[in-house]
Structures are given as structure tokens and as C-alpha cells.
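*Asks:* I have a structure I would like to understand better, so I am pasting it below and will then ask my questions one at a time.
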2 protein chains.
Amino acid sequence: MRLVVQKYGGTSVGTPERICHVAQRILETQRQGCRVVAVVSAMAGVTDELLRLGHAVAPQPIKRELDILLSTGEQAAAALTAMAVNELGGTAISLTGAQAGILTDRNHTRARIANISPKQIHELLADDYIVIVAGFQGQTSEGETTTLGRGGSDLTAIALAGALNADTCQIFTDVDGVFTCDPRIVKDAEKLGEIAYDELLEMAGSGAKVMQSRAVEFAKKFGVEFEVRSAFKQVAGTLTKEETPSMEDILIRGISLDRHQAKLSIAGVRDKPGIAARIFSDIGAAHIIVDMIVQNASIDGTTDISFTIHEDELENARTILMPVLGELGAKRLNTASGVAKLSVVGIGMRSHSGVAARMFECLGRAGINIQLVSTSEIKIAVIIDEKEAERAARLIHAEFGLGRLLPAASATQPLA
Amino acid sequence: MRLVVQKYGGTSVGTPERICHVAQRILETQRQGCRVVAVVSAMAGVTDELLRLGHAVAPQPIKRELDILLSTGEQAAAALTAMAVNELGGTAISLTGAQAGILTDRNHTRARIANISPKQIHELLADDYIVIVAGFQGQTSEGETTTLGRGGSDLTAIALAGALNADTCQIFTDVDGVFTCDPRIVKDAEKLGEIAYDELLEMAGSGAKVMQSRAVEFAKKFGVEFEVRSAFKQVAGTLTKEETPSMEDILIRGISLDRHQAKLSIAGVRDKPGIAARIFSDIGAAHIIVDMIVQNASIDGTTDISFTIHEDELENARTILMPVLGELGAKRLNTASGVAKLSVVGIGMRSHSGVAARMFECLGRAGINIQLVSTSEIKIAVIIDEKEAERAARLIHAEFGLGRLLPAASATQPLA
């Protein structure tokens, strides 16, 4: 009998009606001859409300207690889902993360899964139970409740699918799958039938908020294939899996856009060891998340270092950096908010040249200025004016024929 | 070092501000040289909201899942309270009912405490922790979460106080203590300094909703003294304890009023074994709670059976009884809603005669008709028109000098 692990996010279980819909979906899966383990998130809004309460009683709440507080959201949703399945005639039982055998390290609020002992789940499945697991949580070997960080229910589902050696892992969400670009921006954006782990990772890190990155990394590490699909429609989604040779025929898998960015450039920094560390340790200590970092080649002993952060953090970062510019030997600090990061992602880039040049040319023809460039093996990211971002996304999308998903061979023109 | 068990109800932890106030109160107790275990209820409204969600997904939710759902309310409140204590510089840790060692039977939603293993609490107290326990819940020997029924946090506190052999058990609530009558009805109602378990039980069963009856029964069984006091004021409350000889000097401890009652009388029932059982098993099967039951002496082989229920259940009860009147050999069914139960309670009644007569005379002088009478060793309850109920309470309160708490000896007039 096939074993299916399903994950339903906060929006999918956001109201009693939606919970009943999820219960129906679970039962349909069982009726198709499958054993089902369903991982649920807290009902939409619950985690934020619990966080609000926590910060209202303690601006910096003790993390052990924060984990207990937050984990109740998923426990309640799991119990409600089990009730709904039973109401519809099924036989379901809810488990906490601890009962599901999810053992973590002691790193409260961002715990990592250390081990999974799915003995109880196996027994319940053998007894024909549908098992509903509270996502986002585990426990330490001392029995302390931990949580896995925002979006941790994805990780719960993928880790359980791996540990249970499930035949299928389905991540139900409020989008239909992973698209070549956000369909709200690009009208002919297409849903991808499949995507490689690395591609999804790069897209997740670039504003396409489909999945928690740690969950994708975990899936990659343990080879857990999973499908991202709609909780509301009965249509196939996007299968994420190991890359295959045929995947490389597609030059660009997708485009993602990360808005509300700010760019900081420190000009004329002394080019010697420790300078970059000094800058980013100060920024990191203030809990400011740095995205792109670009350092230009050194000219006469000085260099320019640029980086991007969320624009909300710009004032904060400026306050930190201004007093230390002298120590860094820097000439000046230039900052700009209102910029966006546009990324093109595809493992096809590894074997096909000319992608960057073609992208830059396309933007150049449209008069869109590129302010920063950063690349990985399978991604090219540029910082541009946010006002131009959507137009740029549409142009690049068309340039690479993503609406029609042309094979890479015919789309590539070796320009660079 | 003194060990204090405190219990804070849902209103006391109803907002982040109130949780901070509770945290202060807990810390003050510790600073007075005490070890503190605090039991908390769910924030006011949370349990009702969880119940609403539960019934929205399943009209008759599976009880195992209902227990998991409801228990999250107290777990969240306990975590928030622990955060607040830590924020104020204390060292607190929250425990679920299971972690606190509360072992129950398998009777989900109304579990009874089977045993308490407070090993972990003892260890934490020895390490100078303030221990915050999620009330209302325990677990079975199989590790399944159970709840103790409405008001179960009182029971948690009293059972822990007993198991820990605490020096003091304080039940913090939104009233100042137990009064001779509801102060909203009787202006000169006085707060009682002490009350016997049995008196509080009779009052709790008669509309004075101060404490869960099972908690009081548990306290009586294990001799756990507890004080009911205000969570908002720094004033002494009412100590509940074993009765002492001096308590009997007080003829009447208090008066309680139970409104919205309905009265049903089945006239001319065949007076033979099994008839009463038949009536009340049908009523019980419909989950209708019967309060008073009065059966008159048999006259020529038939008798009248009267009983009271909540007026909301009257139609339901009538529908059940009408078809079976013939089988019971009954002549007719008379029903009346809009009646109230007025009870006077006091262990002094055991050793002083004339209380009933004096109560009836007082009502008679005021032209208030008594429709039913039921008595226990320490209580006299009458059913009267609800419109007369508050006036009756004030008259009886004055008649027995409760506003001034006269000793029984001088107040008694042997009339019956």
C-alpha cells in the first residue's frame, strides 16, 4: 500500500470550513488506496497572535517558553483536523511533534532535527489510522518542546516522508505550484512540472516564498522528492527532485523578484584581511540580514564593498556603519533604498554559456540600469530600480521564452 | 521554607497586562520567603473559542482530540506566565499537566486524577525555580492528554497542594472570597473568613459558582485547606477547611440563588419500584441535568414526582416524558419555567432546630409561595417564583442576621 505524506499550510487550515475541506482531501487520498500522514501548520494568524501575546508580556521572551507557546498552534490545528476526519467517517489521530518521534537539538525556536523515530506512526498506520502530525515542532532528548523556525512544518513533512520512506510527499499550499515567475507580475508565467532542489533553493532565497529553504535542503540531502501543489484545486503541482540530464535542456527555470531592498556601498575601503569581517560582524550583531555581497577588484590598495539588506533596516545599518567608516579607512558610504533584486535561476546555466550576457543585453535595450550583479553556478541576480522591476521581469521572462518553456538548445545564443 | 500553591483563573490571566500582574504577585510571594507553584487556567475566552472551533469542524468532536485541543489553552497561558515572571527578573518554568506528574484515568474530557508524581516539581523547586503548571489537564498512563472538566484548574491546584504537602493553597479569582450571599443581590452581604468543605460544596451546587465541586470534594477527601481570594486586591479571602466545633455556632453560613430553573411535576404515578428509575434514565440519556428531585408520600397507590432542571431543557424534557406518561400510569405532567432555587446552607443546622420553619415563616410573611422543598443535613432549598427570588434572598439574609454574622445561639428561635 502506498504511503503518502501531505502537508497543509496555515491558509489551508485557516477556518473550520477549510479544515473540513482538508479532511475530505485526506480521506480521498486514503480511498485511493493510500496510507496517509498529514502534517498541519497552525491556523493562519494564530502563530502571529501567539507571538504578539508573547512579546506583550516579555519583549524578549525566554525561548524555551516561546517554543511551548508557539507549538500549541499546530497542536490545536492537528486536533481539529483529526476531529474533522473522524466526523467525515474516517479514523484519524493527532500527534504532537514529540509523539511523532521528531527529535531535535536544544536550539530553541530554530531547532534542527537530529533524528526521527517514527515507531508510533508506523504502528498507527498499521492499525489503519490516518495520522495527523502537528508541524513545526519536535522535542529534545530531555523531553523539552522545540520549534523548527518559521515554515518549519515543511521540514516536518519532508523529514517524516524521508524517515517513513514515503512513496509521495505533497506540500499543499495556496499556490498551484512553482511558476516560471510570479503570475501576478507575468501573465503568461507557467507552472513548472518539475524543478531541481538547487533551483528551488535559489528561487526560495530570491523572493519566491514557496518553501522554507531548510526543508528543501533537507529534501536534497536525503533525496526526498516532493510535490508543491494547491490545497484548493485538484490539479498537479510541481515536483521537486534530483536534477536529471533532461532538466539541463531548460536554460532558465524561473525568475524571482525580491522587492523592498536597500543597497549600501562603502567606497575606498582598505583592501586587507579582516575589513569585510568587521563590517558584517557589526551588521550581523544587530540582527540585520544581509543578502547580496559584492566586492570589486582592488584598485591601488582600496576596494568598494556593496551589499543589500531589507529597506526597513537601512537606517539601522547606516547608524552602525557611519561611526566606523574612519576605522575602515573608507572614503564614503552610499546608500539607496527602493531597489529590487531580479534573479534568473536554472541548472541549464551550468552547461550553457551566454545567459548573463543575454540578460544584461535585454535589460540594456530596455534602458534599465544594472546597479549590482552577483552570480552563483545556477543563478544570476541583479539589483535594479524597484520601479523597473516588474517590467524587467516580464522582459526577461519573454527573452528566455519561459512562457513557452523553450528547450535551452534553441534559446541559447552564445554572446558572452 | 514555606511552599505555596497558587491558582489563577482565566480572568486573572485574561490579558498580557493581567499576566504581568500575576507574575508580580507570584514574585512577591517568593520574596516573602516562599517556594511557589502557580497553576493557571487558559486566558479568558480561549477555551470557549477552541470549543467553538471544535464544534464547527465536528458537532460531536472525538473526545481524545477535544482534550488535546482544549489543553493547549492552559499550556499557552502557562508559557506566557513563565515568560512574564522571567521578564520581571524571576526564574520560572512552565510545565504541562503531564510534566507536572498528574496521572488520570482514561475518561477524556472529564478525567479523574488517579495519582500525582510531583518528582519533577520537587526537583525544580529545589533548584529555586518558580513552577508554572498548566491547569485542567493530565495524562493517562499511556501518555494520552486528558482534561479534568470545566473548572478543572481548581482541581489541579488542590491536588498538587495535597501531593506536594503545601503549606498554603490560594485560589485567586475575580471575587474577594465566599460571601453570605451574592453582593450584587444583597448589599450588606459579608465575606466569610472561613467556611467548611461541606458548606462550600452545598453552596457551589446551589448557584454560588466560586469553585468546581470536584475540587472541593477532593480537598475535603485529602484535607487540603485552601483560601479563595481576589486576584486583583491585596486582601484576605475565605479559608475553606475541615469544620470545627466553633463553626457550628453559626447557624447559616450563606444563601445561594440558582435562577432560570424549570419545575416538572408528574402527578398520579404508580407507586412501585422502577418508576422513578424509568423517568430519570430517559432524562439522563438526553444529557439533561436534574437538580432537585421531590417525591411525595404515596396516597392510594399513586404518588407525585417533581424535579427541577435548567429552563433551557424544559421543552426537551417535555418531549421525552409526554409519550411515556401512559406507561408510567401518570395522570398528567405539569411544568413551570421561570422559577428559582433559594438555598440556605450551614453546618449549624445540624445542631440547631427551627431553621426551616423560620425560613418558611419569613417567606410566608412576605407573601412568597414555596413550590417545592428539598433538604439535606446542612441545606434547605426551596423553589419559588423567579420574580420573587432576589427579594426572598434579601429577606432571608436579614432574617438570619447574615450581614452581621450573629452566632447561632442568639439567632435561633425554636419554632419547629
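Within each chain, counting starts at residue 1; across the C-alpha cells, chains are named A, B, ... in the order shown, with ligands numbered 1 upward in that order.
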Going by DSSP on the backbone, which residues of range 175-235 of chain B come out as alpha helix (DSSP H)? List them as an MDAnalysis selection string.
*Replies:* chainID B and resid 197:204 213:222
*Asks:* Those residues with C-alpha atoms, as an mmCIF file, in the first residue's frame please?
*Replies:*
data_model
loop_
_atom_site.group_PDB
_atom_site.id
_atom_site.type_symbol
_atom_site.label_atom_id
_atom_site.label_comp_id
_atom_site.auth_asym_id
_atom_site.auth_seq_id
_atom_site.Cartn_x
_atom_site.Cartn_y
_atom_site.Cartn_z
ATOM 1 C CA TYR B 197 -15.873 21.998 52.867
ATOM 2 C CA ASP B 198 -19.460 20.742 53.051
ATOM 3 C CA GLU B 199 -20.846 24.236 53.214
ATOM 4 C CA LEU B 200 -18.897 25.340 50.174
ATOM 5 C CA LEU B 201 -19.988 22.186 48.366
ATOM 6 C CA GLU B 202 -23.636 22.874 49.059
ATOM 7 C CA MET B 203 -23.241 26.481 48.041
ATOM 8 C CA ALA B 204 -21.337 25.563 44.869
ATOM 9 C CA SER B 213 -17.380 20.989 43.155
ATOM 10 C CA ARG B 214 -14.990 18.156 42.345
ATOM 11 C CA ALA B 215 -12.096 20.307 43.505
ATOM 12 C CA VAL B 216 -13.813 20.951 46.833
ATOM 13 C CA GLU B 217 -14.640 17.257 47.210
ATOM 14 C CA PHE B 218 -11.012 16.407 46.513
ATOM 15 C CA ALA B 219 -9.860 18.983 49.073
ATOM 16 C CA LYS B 220 -12.239 17.548 51.642
ATOM 17 C CA LYS B 221 -11.147 13.982 50.963
ATOM 18 C CA PHE B 222 -7.464 14.790 51.350
#
*Asks:* Which residues of chain B are close to chain A, meaning at most 7 Å apart when you count only C-alpha atoms, and how do they look as a list in words?
*Replies:*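 Output check: Pro16, Cys20, Leu53, Gly54, Ala56, Val57, Ala58, Pro61, Ile62, Glu65, Leu66, Ile68, Leu69, Thr72, Gln75, Ala76, Ala79, Leu80, Ala82, Met83, Ala84 and Glu87 of chain B.
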*Asks:* Just the residues within 9 Å of Ala44 in chain B, please, counting only C-alpha atoms, with nothing from its chain fewer than 6 positions along; format it as a PDB file with C-alpha atoms, in the first residue's frame.
*Replies:*
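out-v2.pdb, written as the output of this step:
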ATOM      1  CA  GLY B   9      -8.256  31.686  36.800  1.00  0.00           C
ATOM      2  CA  GLY B  10      -8.945  32.717  33.229  1.00  0.00           C
ATOM      3  CA  THR B  11      -9.964  36.265  34.112  1.00  0.00           C
ATOM      4  CA  SER B  12      -6.781  36.751  36.167  1.00  0.00           C
ATOM      5  CA  VAL B  13      -4.657  35.879  33.116  1.00  0.00           C
ATOM      6  CA  GLY B  14      -7.107  37.338  30.599  1.00  0.00           C
ATOM      7  CA  THR B  15      -4.769  39.935  29.043  1.00  0.00           C
TER       8      THR B  15
END
*Asks:* Can you work out which one of A:Met247, A:Ala236, A:Thr173, A:Asp167 has the shortest atom-to-atom distance to Ser351 in chain A, counting only C-alpha atoms?
*Replies:*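 So, comparing all the options, the nearest one is A:Met247.
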*Asks:* Near Cys362 in chain B, counting only C-alpha atoms, which residues have an atom at most 9 Å away, once you skip same-chain residues fewer than 3 positions from it, shown as a list in words?
*Replies:*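 Once the adjacent positions are removed, what remains is Ala357, Arg358, Met359, Arg365, Ala366, Gly367, Ile368, Ala392, Leu395, Ile396 and Glu399 of chain B.
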*Asks:* Could you name the residues that touch Asp282 in chain B at 9 Å or less, counting only C-alpha atoms, but leaving out those on the same chain fewer than 4 positions away, as a list in words?
*Replies:*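 In the requested format, the answer is Ala277, Arg278, Ala286, Ala317, Ile320 and Leu321 of chain B.
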